[in-house]
file data18.csv (CSV, C-alpha atoms and all ligand atoms)
chain,number,residue,atom,x,y,z
A,29,MET,CA,-1.3,-7.8,-20.5
A,30,ASN,CA,2.0,-6.1,-21.4
A,31,THR,CA,3.0,-2.5,-20.9
A,32,GLU,CA,1.9,-1.6,-24.4
A,33,ALA,CA,-1.7,-2.1,-23.4
A,34,PHE,CA,-1.4,1.0,-21.3
A,35,ASN,CA,-0.2,3.3,-24.1
A,36,TYR,CA,-2.3,6.4,-24.5
A,37,ARG,CA,-4.6,6.9,-27.4
A,38,ASP,CA,-4.3,10.5,-28.4
A,39,THR,CA,-7.6,12.3,-28.9
A,40,GLY,CA,-6.1,15.7,-29.7
A,41,LYS,CA,-8.1,17.2,-26.9
A,42,ILE,CA,-6.9,19.7,-24.3
A,43,LEU,CA,-8.7,20.2,-21.1
A,44,SER,CA,-9.4,23.7,-19.8
A,45,LYS,CA,-8.4,24.5,-16.2
A,46,GLY,CA,-10.0,22.1,-13.7
A,47,ASN,CA,-9.4,19.7,-10.9
A,48,VAL,CA,-10.0,16.1,-9.9
A,49,THR,CA,-9.9,14.6,-6.4
A,50,TRP,CA,-9.4,11.0,-5.2
A,51,LYS,CA,-9.2,9.4,-1.8
A,52,SER,CA,-7.1,6.3,-1.6
A,53,PRO,CA,-6.5,4.0,1.4
A,54,SER,CA,-3.3,2.6,2.8
A,55,ASN,CA,-2.8,-1.1,2.7
A,56,ILE,CA,-1.1,-3.7,4.9
A,57,ALA,CA,0.7,-6.6,3.2
A,58,LEU,CA,0.1,-10.0,4.7
A,59,ILE,CA,2.4,-11.6,2.1
A,60,LYS,CA,5.3,-9.1,1.9
A,61,TYR,CA,6.9,-7.6,-1.2
A,62,TRP,CA,10.6,-7.1,-0.5
A,63,GLY,CA,13.0,-7.2,-3.5
A,64,LYS,CA,12.3,-5.8,-6.9
A,65,SER,CA,13.8,-5.8,-10.4
A,66,GLY,CA,13.5,-3.5,-13.5
A,67,LEU,CA,11.1,-0.6,-13.1
A,68,GLN,CA,9.3,-1.5,-9.9
A,69,LEU,CA,8.6,-5.2,-10.7
A,70,PRO,CA,8.2,-7.4,-7.7
A,71,LYS,CA,10.5,-10.4,-7.1
A,72,ASN,CA,7.5,-12.2,-5.6
A,73,ALA,CA,3.7,-11.8,-5.6
A,74,SER,CA,2.3,-10.1,-2.5
A,75,LEU,CA,-1.2,-9.9,-0.9
A,76,SER,CA,-2.6,-7.2,1.2
A,77,PHE,CA,-5.7,-6.1,3.1
A,78,THR,CA,-6.8,-2.7,1.9
A,79,LEU,CA,-7.4,-0.4,4.9
A,80,ASN,CA,-10.3,1.9,5.6
A,81,ALA,CA,-9.5,4.7,8.0
A,82,SER,CA,-5.9,5.4,7.0
A,83,SER,CA,-6.1,7.2,3.7
A,84,THR,CA,-4.8,10.1,1.6
A,85,SER,CA,-7.1,12.6,-0.3
A,86,THR,CA,-5.5,14.3,-3.2
A,87,THR,CA,-6.7,17.1,-5.4
A,88,LEU,CA,-4.9,17.6,-8.7
A,89,GLU,CA,-5.5,21.0,-10.1
A,90,PHE,CA,-4.4,21.4,-13.8
A,91,ARG,CA,-3.9,24.4,-16.0
A,92,PRO,CA,-3.0,24.1,-19.7
A,93,VAL,CA,0.4,25.5,-20.6
A,94,ASP,CA,1.3,27.4,-23.8
A,95,ASN,CA,4.7,25.7,-24.3
A,96,VAL,CA,4.8,21.9,-23.6
A,97,VAL,CA,7.7,21.1,-21.3
A,98,ASN,CA,9.6,17.9,-20.8
A,99,THR,CA,8.7,17.6,-17.1
A,100,PRO,CA,5.5,19.2,-15.9
A,101,GLU,CA,5.8,22.1,-13.5
A,102,PHE,CA,4.0,21.5,-10.2
A,103,GLU,CA,3.7,22.7,-6.6
A,104,VAL,CA,2.6,20.6,-3.6
A,105,TYR,CA,0.5,21.5,-0.6
A,106,VAL,CA,0.2,19.2,2.4
A,107,ASP,CA,-2.7,20.2,4.7
A,108,THR,CA,-2.8,23.5,2.8
A,109,GLU,CA,0.8,24.2,3.5
A,110,LYS,CA,3.2,24.5,0.6
A,111,THR,CA,6.1,22.1,0.8
A,112,ASP,CA,8.9,20.8,-1.3
A,113,VAL,CA,9.5,17.6,0.7
A,114,PHE,CA,7.6,15.3,-1.7
A,115,LYS,CA,8.6,17.1,-4.9
A,116,PRO,CA,11.5,14.8,-5.8
A,117,LYS,CA,9.4,11.6,-5.5
A,118,ILE,CA,6.5,13.1,-7.5
A,119,ALA,CA,9.0,14.4,-10.2
A,120,VAL,CA,10.3,10.8,-10.6
A,121,PHE,CA,6.7,9.6,-10.7
A,122,PHE,CA,5.7,12.0,-13.5
A,123,ASP,CA,8.9,11.1,-15.4
A,124,ARG,CA,8.1,7.4,-15.2
A,125,ILE,CA,4.5,7.6,-16.2
A,126,LYS,CA,4.7,10.2,-19.0
A,127,ASN,CA,5.2,7.6,-21.7
A,128,TYR,CA,1.8,6.2,-20.8
A,129,VAL,CA,0.0,9.5,-20.1
A,130,PRO,CA,1.9,11.9,-22.4
A,131,PHE,CA,-0.9,14.5,-22.0
A,132,ILE,CA,0.5,15.3,-18.5
A,133,THR,CA,3.1,17.6,-20.1
A,134,ASP,CA,0.3,19.8,-21.6
A,135,TYR,CA,-0.5,21.2,-18.1
A,136,LYS,CA,1.0,22.6,-14.9
A,137,TYR,CA,-0.3,21.5,-11.6
A,138,SER,CA,-1.1,22.3,-8.0
A,139,ILE,CA,-1.3,19.2,-5.9
A,140,PHE,CA,-3.3,19.4,-2.6
A,141,THR,CA,-2.9,16.4,-0.4
A,142,LYS,CA,-3.9,15.4,3.2
A,143,ASN,CA,-3.6,12.2,5.2
A,144,THR,CA,-6.1,11.0,7.8
A,145,PHE,CA,-3.2,9.6,9.8
A,146,PRO,CA,-0.8,11.9,11.6
A,147,HIS,CA,2.3,13.2,10.0
A,148,SER,CA,5.4,11.2,10.7
A,149,SER,CA,3.4,8.5,12.5
A,150,GLY,CA,5.8,6.0,10.9
A,151,ILE,CA,3.0,5.0,8.6
A,152,ALA,CA,4.1,5.3,5.0
A,153,SER,CA,1.9,7.6,3.0
A,154,SER,CA,3.5,6.6,-0.3
A,155,ALA,CA,1.0,3.7,-1.0
A,156,SER,CA,-2.1,5.8,-0.4
A,157,GLY,CA,-0.5,9.0,-1.8
A,158,MET,CA,0.8,7.6,-5.0
A,159,SER,CA,-2.5,5.7,-5.6
A,160,ALA,CA,-4.6,8.8,-5.1
A,161,LEU,CA,-2.3,10.8,-7.5
A,162,ALA,CA,-2.4,8.0,-10.1
A,163,LEU,CA,-6.2,7.9,-9.9
A,164,CYS,CA,-6.3,11.7,-10.4
A,165,VAL,CA,-4.1,11.4,-13.5
A,166,MET,CA,-6.4,8.6,-14.8
A,167,GLU,CA,-9.5,10.8,-14.2
A,168,MET,CA,-7.8,13.3,-16.5
A,169,GLU,CA,-7.3,10.6,-19.1
A,170,LYS,CA,-11.0,9.6,-18.8
A,171,LYS,CA,-12.0,13.3,-19.4
A,172,LEU,CA,-9.8,13.3,-22.5
A,173,ASN,CA,-11.0,9.9,-23.6
A,174,PRO,CA,-14.4,9.0,-22.1
A,175,SER,CA,-14.6,5.7,-23.9
A,176,ILE,CA,-12.0,3.9,-21.7
A,177,THR,CA,-13.6,1.1,-19.7
A,178,GLU,CA,-13.8,0.9,-15.9
A,179,ASP,CA,-11.6,-2.2,-15.9
A,180,TYR,CA,-8.9,-0.4,-17.9
A,181,PHE,CA,-9.2,2.7,-15.7
A,182,TYR,CA,-8.5,0.8,-12.5
A,183,LYS,CA,-5.8,-1.5,-14.0
A,184,LYS,CA,-4.0,1.5,-15.5
A,185,ALA,CA,-4.3,3.5,-12.2
A,186,SER,CA,-2.7,0.6,-10.3
A,187,PHE,CA,-0.1,0.3,-13.1
A,188,LEU,CA,0.8,4.0,-12.8
A,189,ALA,CA,0.7,3.9,-9.0
A,190,ARG,CA,3.2,1.1,-9.0
A,191,LEU,CA,5.7,3.2,-10.9
A,192,GLY,CA,5.5,5.7,-7.9
A,193,SER,CA,5.7,3.2,-5.2
A,194,GLY,CA,5.4,-0.6,-5.6
A,195,SER,CA,2.9,-1.2,-2.7
A,196,ALA,CA,0.8,1.7,-4.1
A,197,ALA,CA,-0.4,-0.8,-6.8
A,198,ARG,CA,-2.3,-2.5,-4.0
A,199,SER,CA,-4.1,0.6,-2.8
A,200,VAL,CA,-6.4,1.3,-5.7
A,201,LYS,CA,-9.0,-1.4,-5.0
A,202,GLY,CA,-10.3,-3.4,-2.0
A,203,SER,CA,-10.6,-5.4,-0.1
A,204,ILE,CA,-7.9,-8.0,-0.6
A,205,VAL,CA,-5.4,-7.3,-3.4
A,206,VAL,CA,-2.7,-9.5,-5.1
A,207,TRP,CA,0.1,-7.8,-6.9
A,208,GLY,CA,2.6,-10.0,-8.8
A,209,VAL,CA,2.3,-13.1,-11.0
A,210,HIS,CA,1.2,-16.1,-9.0
A,211,GLU,CA,0.2,-19.5,-10.4
A,212,ALA,CA,-2.7,-19.9,-8.0
A,213,ILE,CA,-4.2,-16.4,-8.8
A,214,PRO,CA,-5.7,-16.2,-12.2
A,215,ASP,CA,-4.9,-13.0,-14.2
A,216,SER,CA,-2.4,-11.9,-11.6
A,217,SER,CA,0.3,-9.5,-13.0
A,218,ASP,CA,3.6,-8.0,-12.0
A,219,LEU,CA,2.3,-4.7,-13.6
A,220,TYR,CA,-0.7,-4.0,-11.5
A,221,GLY,CA,-2.7,-5.3,-8.5
A,222,ILE,CA,-6.0,-7.2,-8.9
A,223,GLY,CA,-8.8,-7.9,-6.4
A,224,PHE,CA,-8.4,-11.4,-4.8
A,225,PRO,CA,-10.4,-13.4,-7.3
A,226,PHE,CA,-12.1,-16.0,-5.0
A,227,PRO,CA,-14.9,-15.7,-2.5
A,228,ILE,CA,-13.6,-14.6,0.9
A,229,HIS,CA,-14.8,-16.4,4.0
A,230,PRO,CA,-17.1,-14.1,6.1
A,231,VAL,CA,-14.6,-14.3,9.1
A,232,PHE,CA,-12.3,-12.0,7.1
A,233,LYS,CA,-14.9,-9.6,5.9
A,234,ASN,CA,-14.7,-7.1,8.7
A,235,PHE,CA,-11.2,-7.9,10.0
A,236,HIS,CA,-9.6,-5.3,12.2
A,237,ASP,CA,-6.1,-3.8,12.0
A,238,THR,CA,-5.2,-1.7,15.1
A,239,ILE,CA,-1.9,0.1,14.3
A,240,LEU,CA,0.2,0.6,17.4
A,241,LEU,CA,2.5,3.6,16.9
A,242,VAL,CA,5.7,2.4,18.6
A,243,ASP,CA,8.1,4.7,16.9
A,244,LYS,CA,7.0,7.7,14.9
A,245,GLY,CA,10.5,8.7,13.9
A,246,GLN,CA,12.1,8.7,10.4
A,247,LYS,CA,13.1,5.2,9.4
A,248,PRO,CA,16.9,4.7,9.5
A,249,VAL,CA,16.8,2.8,6.2
A,250,SER,CA,14.4,3.6,3.3
A,251,SER,CA,12.3,0.9,1.7
A,252,SER,CA,14.0,1.6,-1.6
A,253,LEU,CA,17.4,0.8,-0.1
A,254,GLY,CA,16.0,-2.2,1.6
A,255,HIS,CA,14.6,-3.6,-1.7
A,256,ASN,CA,18.0,-3.1,-3.3
A,257,LEU,CA,19.7,-5.0,-0.5
A,258,MET,CA,17.8,-8.1,-1.6
A,259,GLU,CA,20.1,-8.2,-4.6
A,260,ASN,CA,23.0,-10.4,-3.7
A,261,HIS,CA,21.3,-11.3,-0.4
A,262,PRO,CA,22.4,-14.8,0.7
A,263,TYR,CA,18.8,-15.8,1.4
A,264,ALA,CA,16.9,-14.0,-1.4
A,265,ALA,CA,16.1,-17.0,-3.5
A,266,SER,CA,14.6,-19.0,-0.7
A,267,ARG,CA,12.7,-16.0,0.6
A,268,PHE,CA,11.0,-15.5,-2.8
A,269,VAL,CA,10.1,-19.2,-2.8
A,270,GLN,CA,8.8,-18.9,0.7
A,271,ALA,CA,6.6,-15.9,-0.1
A,272,THR,CA,5.2,-17.7,-3.2
A,273,ASP,CA,4.4,-20.8,-1.1
A,274,ASN,CA,2.8,-18.7,1.6
A,275,LEU,CA,0.6,-16.9,-0.8
A,276,HIS,CA,-0.6,-20.2,-2.2
A,277,LYS,CA,-1.5,-21.3,1.4
A,278,LEU,CA,-3.1,-18.0,2.3
A,279,SER,CA,-5.3,-18.1,-0.7
A,280,ILE,CA,-6.9,-21.3,0.6
A,281,VAL,CA,-7.0,-20.0,4.2
A,282,LEU,CA,-8.9,-16.8,3.1
A,283,GLN,CA,-11.4,-18.9,1.2
A,284,LYS,CA,-11.9,-21.4,4.0
A,285,GLY,CA,-11.8,-19.1,7.0
A,286,LEU,CA,-8.9,-21.0,8.7
A,287,LEU,CA,-7.9,-18.5,11.4
A,288,LYS,CA,-5.2,-20.6,13.0
A,289,GLU,CA,-3.4,-21.1,9.7
A,290,PHE,CA,-3.9,-17.4,8.9
A,291,ILE,CA,-2.0,-16.5,12.1
A,292,GLU,CA,0.9,-18.8,11.3
A,293,ILE,CA,1.4,-17.5,7.8
A,294,VAL,CA,0.9,-13.8,8.6
A,295,GLU,CA,3.3,-13.7,11.6
A,296,SER,CA,5.9,-15.8,9.7
A,297,GLU,CA,5.8,-13.3,6.8
A,298,ALA,CA,6.3,-10.4,9.1
A,299,LEU,CA,9.3,-11.9,10.9
A,300,SER,CA,10.7,-13.2,7.6
A,301,LEU,CA,10.6,-9.7,6.2
A,302,HIS,CA,12.6,-8.4,9.2
A,303,ALA,CA,14.9,-11.4,9.1
A,304,MET,CA,15.8,-10.3,5.6
A,305,MET,CA,16.7,-6.9,6.9
A,306,MET,CA,18.8,-8.3,9.7
A,307,THR,CA,20.8,-10.6,7.3
A,308,SER,CA,21.4,-8.1,4.5
A,309,ASN,CA,24.7,-6.5,3.9
A,310,PRO,CA,24.8,-3.9,5.4
A,311,TYR,CA,22.4,-5.3,8.1
A,312,PHE,CA,19.8,-3.3,10.0
A,313,ILE,CA,17.1,-3.6,12.5
A,314,LEU,CA,13.8,-1.6,12.3
A,315,MET,CA,12.1,-3.2,15.3
A,316,GLN,CA,12.4,-1.5,18.6
A,317,PRO,CA,12.3,-3.0,22.1
A,318,ASN,CA,8.6,-2.1,22.4
A,319,THR,CA,7.9,-3.9,19.1
A,320,LEU,CA,9.2,-7.2,20.7
A,321,ALA,CA,7.4,-6.5,23.9
A,322,ILE,CA,4.1,-6.1,22.1
A,323,ILE,CA,4.7,-9.3,20.1
A,324,ASN,CA,5.4,-11.3,23.3
A,325,LYS,CA,2.3,-9.8,24.9
A,326,ILE,CA,0.2,-10.9,21.9
A,327,TRP,CA,1.6,-14.4,22.1
A,328,GLN,CA,0.9,-14.7,25.8
A,329,PHE,CA,-2.6,-13.3,25.5
A,330,ARG,CA,-3.5,-15.6,22.6
A,331,LYS,CA,-2.3,-18.6,24.5
A,332,GLU,CA,-4.3,-17.7,27.6
A,333,THR,CA,-7.5,-16.8,25.8
A,334,ASN,CA,-7.6,-18.9,22.6
A,335,THR,CA,-8.6,-15.7,20.7
A,336,HIS,CA,-7.3,-15.2,17.2
A,337,VAL,CA,-5.3,-12.0,17.6
A,338,CYS,CA,-2.0,-11.8,15.6
A,339,PHE,CA,0.4,-9.2,14.4
A,340,THR,CA,2.1,-8.1,11.2
A,341,LEU,CA,4.9,-5.5,10.7
A,342,ASP,CA,5.6,-3.1,7.9
A,343,ALA,CA,9.1,-1.8,7.2
A,344,GLY,CA,9.3,-0.1,10.6
A,345,ALA,CA,8.8,-0.5,14.3
A,346,ASN,CA,5.0,-0.1,14.4
A,347,VAL,CA,2.8,-3.2,15.1
A,348,HIS,CA,-0.4,-4.0,13.2
A,349,VAL,CA,-2.6,-6.0,15.5
A,350,LEU,CA,-5.0,-8.1,13.4
A,351,PHE,CA,-8.2,-9.8,14.7
A,352,PRO,CA,-11.7,-10.9,13.6
A,353,ASP,CA,-14.7,-8.7,14.3
A,354,ASP,CA,-16.5,-11.2,16.6
A,355,GLU,CA,-13.5,-11.0,19.1
A,356,LYS,CA,-13.2,-7.3,19.1
A,357,THR,CA,-14.5,-6.5,22.6
A,358,GLU,CA,-12.1,-8.8,24.4
A,359,ILE,CA,-9.2,-7.8,22.1
A,360,ASN,CA,-9.8,-4.1,22.3
A,361,ASP,CA,-9.8,-4.3,26.1
A,362,PHE,CA,-6.5,-6.2,25.9
A,363,ILE,CA,-5.0,-3.5,23.5
A,364,ASN,CA,-6.2,-0.7,25.7
A,365,ASN,CA,-5.0,-2.2,29.0
A,366,GLU,CA,-1.8,-4.0,28.0
A,367,LEU,CA,-0.5,-2.7,24.7
A,368,LEU,CA,-1.0,1.0,24.7
A,369,PRO,CA,1.7,1.6,27.3
A,370,TYR,CA,4.2,0.5,24.6
A,371,CYS,CA,3.1,3.1,22.1
A,372,GLN,CA,4.7,6.5,21.7
A,373,ASN,CA,2.4,8.9,23.6
A,374,ASN,CA,-0.2,6.1,23.8
A,375,GLN,CA,-1.0,6.6,20.1
A,376,TYR,CA,-2.7,4.1,17.9
A,377,ILE,CA,-5.1,4.0,14.9
A,378,CYS,CA,-8.2,1.8,14.8
A,379,ASP,CA,-8.5,0.5,11.3
A,380,ASN,CA,-10.2,-2.3,9.5
A,381,ILE,CA,-10.4,-3.9,6.0
A,382,GLY,CA,-11.7,-1.5,3.5
A,383,THR,CA,-13.2,-1.3,0.0
A,384,GLY,CA,-10.7,0.8,-2.0
A,385,SER,CA,-10.4,4.2,-3.5
A,386,THR,CA,-13.2,6.7,-4.1
A,387,SER,CA,-13.6,9.6,-6.4
A,388,ILE,CA,-14.6,12.8,-4.6
A,389,SER,CA,-14.3,15.1,-7.6
A,390,GLN,CA,-16.9,17.7,-8.2
A,391,ARG,CA,-18.6,16.5,-11.3
A,392,SER,CA,-19.2,19.3,-13.8
B,1,LIG,O1,6.2,0.1,-1.8
B,1,LIG,P1,7.5,0.2,-1.1
B,1,LIG,O2,8.6,0.3,-2.1
B,1,LIG,O3,7.5,1.2,0.0
B,1,LIG,O4,7.7,-1.2,-0.4
B,1,LIG,C1,6.9,-1.7,0.6
B,1,LIG,C2,7.5,-2.8,1.3
B,1,LIG,C3,6.8,-3.3,2.5
B,1,LIG,O5,5.9,-2.4,3.0
B,1,LIG,C4,7.8,-3.7,3.6
B,1,LIG,C5,6.0,-4.6,2.2
B,1,LIG,C6,4.8,-4.5,1.4
B,1,LIG,O6,4.6,-5.5,0.6
B,1,LIG,O7,4.1,-3.5,1.5
call {"tool": "encode", "arguments": {"input": "data18.csv", "output": "structure tokens", "more": "lines below"}}
Ligand code: PMV
result
Amino acid sequence: MNTEAFNYRDTGKILSKGNVTWKSPSNIALIKYWGKSGLQLPKNASLSFTLNASSTSTTLEFRPVDNVVNTPEFEVYVDTEKTDVFKPKIAVFFDRIKNYVPFITDYKYSIFTKNTFPHSSGIASSASGMSALALCVMEMEKKLNPSITEDYFYKKASFLARLGSGSAARSVKGSIVVWGVHEAIPDSSDLYGIGFPFPIHPVFKNFHDTILLVDKGQKPVSSSLGHNLMENHPYAASRFVQATDNLHKLSIVLQKGLLKEFIEIVESEALSLHAMMMTSNPYFILMQPNTLAIINKIWQFRKETNTHVCFTLDAGANVHVLFPDDEKTEINDFINNELLPYCQNNQYICDNIGTGSTSISQRS
């Protein structure tokens, strides 16, 4: 599929005032996307667990305008409070998607959004937020053109979400999503995310992700800047090969339920991502002393107990602690007793693998 497949078929219709609401989950990459080209195209394929508890709900209220403008007018409310903080990012998003959804300039908007996770928890809301907004826009398209198929609806939602934030392409569907062309994943695409196309071993079906909030502050380096630093990075080429190779291996691991190999791939991916940051020019470190303390505790506990707890990291200091459901009692005790002291104000989020976005629009 190329981008033309997502061109809009004009029906000449205009919607009267209304609103649509979607809830989208966050996701955690196991194979990391770090480095992009063109308009949000990944340098390597990535794979993520869709989360369940960490999500964004967005209502898009639309009102037709008399004079069509180049960029739609909109206001943003976060938790009912009006704010301009997200306006620049959303304006760029509207600008990038308008060739594919030209009807958006026929309306002005109020966007009401809220996250289940605390503000400035260090958890990026861009994946869940851009995914929820893209799904709202697609629901408008569906109202204008009810004949679009469900497959097209979700593919295009992921395609649009990607233009807002790369990893948002992986937040539309559950429970394991691949984004980026990969030879072992049939129908994979750089343009949108697809559900992992093979049967997943039961051990991964209710996998846990407890997110330890080590540092809730603003990241010193944005992910956009980090992606850009992969250009001219001395290790970029081998990193993209490594990620591709790891995705190949992880695909087999997920189908066969190989927990030991899962741990090796996932932890290596997390540390490789941070190694890229530490070796770029300029270099930077997003891990904090407590991030390393938690990693060491996890390694020590795993060795002593033979459990299958492991970690991954996002572009930040927080630690995602991953473990299978049948080990949850022992591992939850370990987290409570030994890891929480390393979190800011003992804060953490209990999450697990989820099923994807849901529409919560009032059907009229
Ligand atoms: O979607 P972005 O541009 O915020 O980049 C996300 C990058 C990582 O979270 C570090 C990795 C990933 O694949 O999600």
call {"tool": "residues_around", "arguments": {"input": "data18.csv", "residues": "Gly223 in chain A", "least_positions_apart": "4", "cutoff": "12 Å", "atoms": "only C-alpha atoms", "output": "number ranges by chain"}}
result
A: 74-78, 179, 182-183, 186, 197-208, 213-217, 227-228, 383-384
call {"tool": "closest_residue", "arguments": {"input": "data18.csv", "among": "A:Thr333, A:Ser389, A:Thr238, A:Ser252", "to": "Asp353 in chain A", "atoms": "all atoms listed in the file"}}
result
A:Thr238
call {"tool": "closest_residue", "arguments": {"input": "data18.csv", "among": "A:Ala189, A:Leu241, A:Ile280, A:Val106", "to": "Phe224 in chain A", "atoms": "only C-alpha atoms"}}
result
A:Ile280
call {"tool": "atom_distance", "arguments": {"input": "data18.csv", "atom1": "CA of His261 in chain A", "atom2": "CA of Ala212 in chain A"}}
result
26.6 Å
call {"tool": "closest_atom_pairs", "arguments": {"input": "data18.csv", "of": "chain A", "to": "ligand LIG 1 (chain B)", "cutoff": "7 Å", "atoms": "all atoms listed in the file", "output": "JSON lines"}}
result
{"residue": "A:Ile56", "atom": "CA", "partner": "B:LIG1", "partner_atom": "O7", "distance": 6.2}
{"residue": "A:Ala57", "atom": "CA", "partner": "B:LIG1", "partner_atom": "O6", "distance": 4.8}
{"residue": "A:Ile59", "atom": "CA", "partner": "B:LIG1", "partner_atom": "O6", "distance": 6.7}
{"residue": "A:Lys60", "atom": "CA", "partner": "B:LIG1", "partner_atom": "O6", "distance": 3.9}
{"residue": "A:Tyr61", "atom": "CA", "partner": "B:LIG1", "partner_atom": "O6", "distance": 3.6}
{"residue": "A:Trp62", "atom": "CA", "partner": "B:LIG1", "partner_atom": "C2", "distance": 5.6}
{"residue": "A:Ser74", "atom": "CA", "partner": "B:LIG1", "partner_atom": "O6", "distance": 6.0}
{"residue": "A:Ser154", "atom": "CA", "partner": "B:LIG1", "partner_atom": "O3", "distance": 6.7}
{"residue": "A:Ala155", "atom": "CA", "partner": "B:LIG1", "partner_atom": "O1", "distance": 6.4}
{"residue": "A:Ser193", "atom": "CA", "partner": "B:LIG1", "partner_atom": "O1", "distance": 4.6}
{"residue": "A:Gly194", "atom": "CA", "partner": "B:LIG1", "partner_atom": "O1", "distance": 3.9}
{"residue": "A:Ser195", "atom": "CA", "partner": "B:LIG1", "partner_atom": "O1", "distance": 3.7}
{"residue": "A:Ala196", "atom": "CA", "partner": "B:LIG1", "partner_atom": "O1", "distance": 6.1}
{"residue": "A:Ser251", "atom": "CA", "partner": "B:LIG1", "partner_atom": "O3", "distance": 5.1}
{"residue": "A:Ser252", "atom": "CA", "partner": "B:LIG1", "partner_atom": "O2", "distance": 5.6}
{"residue": "A:Asp342", "atom": "CA", "partner": "B:LIG1", "partner_atom": "C4", "distance": 4.9}
{"residue": "A:Ala343", "atom": "CA", "partner": "B:LIG1", "partner_atom": "C4", "distance": 4.3}
call {"tool": "closest_atom_pairs", "arguments": {"input": "data18.csv", "of": "range 289-342 of chain A", "to": "range 357-373 of chain A", "cutoff": "10 Å", "atoms": "only C-alpha atoms", "output": "CSV"}}
result
residue,atom,partner,partner_atom,distance
A:Pro317,CA,A:Tyr370,CA,9.2
A:Asn318,CA,A:Tyr370,CA,5.6
A:Thr319,CA,A:Tyr370,CA,8.0
A:Leu320,CA,A:Tyr370,CA,10.0
A:Ala321,CA,A:Tyr370,CA,7.7
A:Ile322,CA,A:Leu367,CA,6.3
A:Ile323,CA,A:Leu367,CA,9.6
A:Lys325,CA,A:Leu367,CA,7.6
A:Ile326,CA,A:Leu367,CA,8.7
A:Phe329,CA,A:Phe362,CA,8.1
A:Arg330,CA,A:Ile359,CA,9.7
A:Thr333,CA,A:Glu358,CA,9.3
A:Thr335,CA,A:Ile359,CA,8.0
A:His336,CA,A:Ile359,CA,9.1
A:Val337,CA,A:Ile359,CA,7.3
call {"tool": "residues_around", "arguments": {"input": "data18.csv", "residues": "Lys277 in chain A", "least_positions_apart": "2", "cutoff": "12 Å", "atoms": "all atoms listed in the file", "output": "PyMOL selection string"}}
result
chain A and resi 58-59+75+210+212-213+270-275+279-286+289-294
call {"tool": "closest_residue", "arguments": {"input": "data18.csv", "among": "A:Ala185, A:Met158, A:Met305, A:Val48", "to": "Ser250 in chain A", "atoms": "all atoms listed in the file"}}
result
A:Met305
call {"tool": "residues_around", "arguments": {"input": "data18.csv", "residues": "Lys117 in chain A", "least_positions_apart": "3", "cutoff": "12 Å", "atoms": "all atoms listed in the file", "output": "MDAnalysis selection string"}}
result
chainID A and resid 104 112:114 120:124 154 157:158 161 191:193 252
call {"tool": "closest_residue", "arguments": {"input": "data18.csv", "among": "A:Ala160, A:Ala152, A:Ile377, A:Ile42", "to": "Tyr135 in chain A", "atoms": "all atoms listed in the file"}}
result
A:Ile42
call {"tool": "closest_residue", "arguments": {"input": "data18.csv", "among": "A:Lys247, A:Lys288, A:His255, A:Lys51", "to": "Asn346 in chain A", "atoms": "all atoms listed in the file"}}
result
A:Lys247
call {"tool": "atom_distance", "arguments": {"input": "data18.csv", "atom1": "CA of Phe181 in chain A", "atom2": "CA of Lys45 in chain A"}}
result
21.8 Å
call {"tool": "closest_residue", "arguments": {"input": "data18.csv", "among": "A:Asp107, A:Asp218, A:Asp237, A:Glu259", "to": "Val347 in chain A", "atoms": "all atoms listed in the file"}}
result
A:Asp237
call {"tool": "atom_distance", "arguments": {"input": "data18.csv", "atom1": "CA of Val231 in chain A", "atom2": "CA of Tyr376 in chain A"}}
result
23.6 Å
call {"tool": "residues_near_point", "arguments": {"input": "data18.csv", "point": "(-12.4, 12.8, -3.6)", "cutoff": "12 Å", "atoms": "all atoms listed in the file", "output": "number ranges by chain"}}
result
A: 47-53, 83-88, 140-142, 160-161, 163-164, 167, 385-391
call {"tool": "residues_around", "arguments": {"input": "data18.csv", "residues": "Tyr311 in chain A", "least_positions_apart": "2", "cutoff": "12 Å", "atoms": "only C-alpha atoms", "output": "list in words"}}
result
Pro248, Val249, Leu253, Gly254, Leu257, Met258, His261, His302, Ala303, Met304, Met305, Met306, Thr307, Ser308, Asn309, Ile313 and Leu314 of chain A
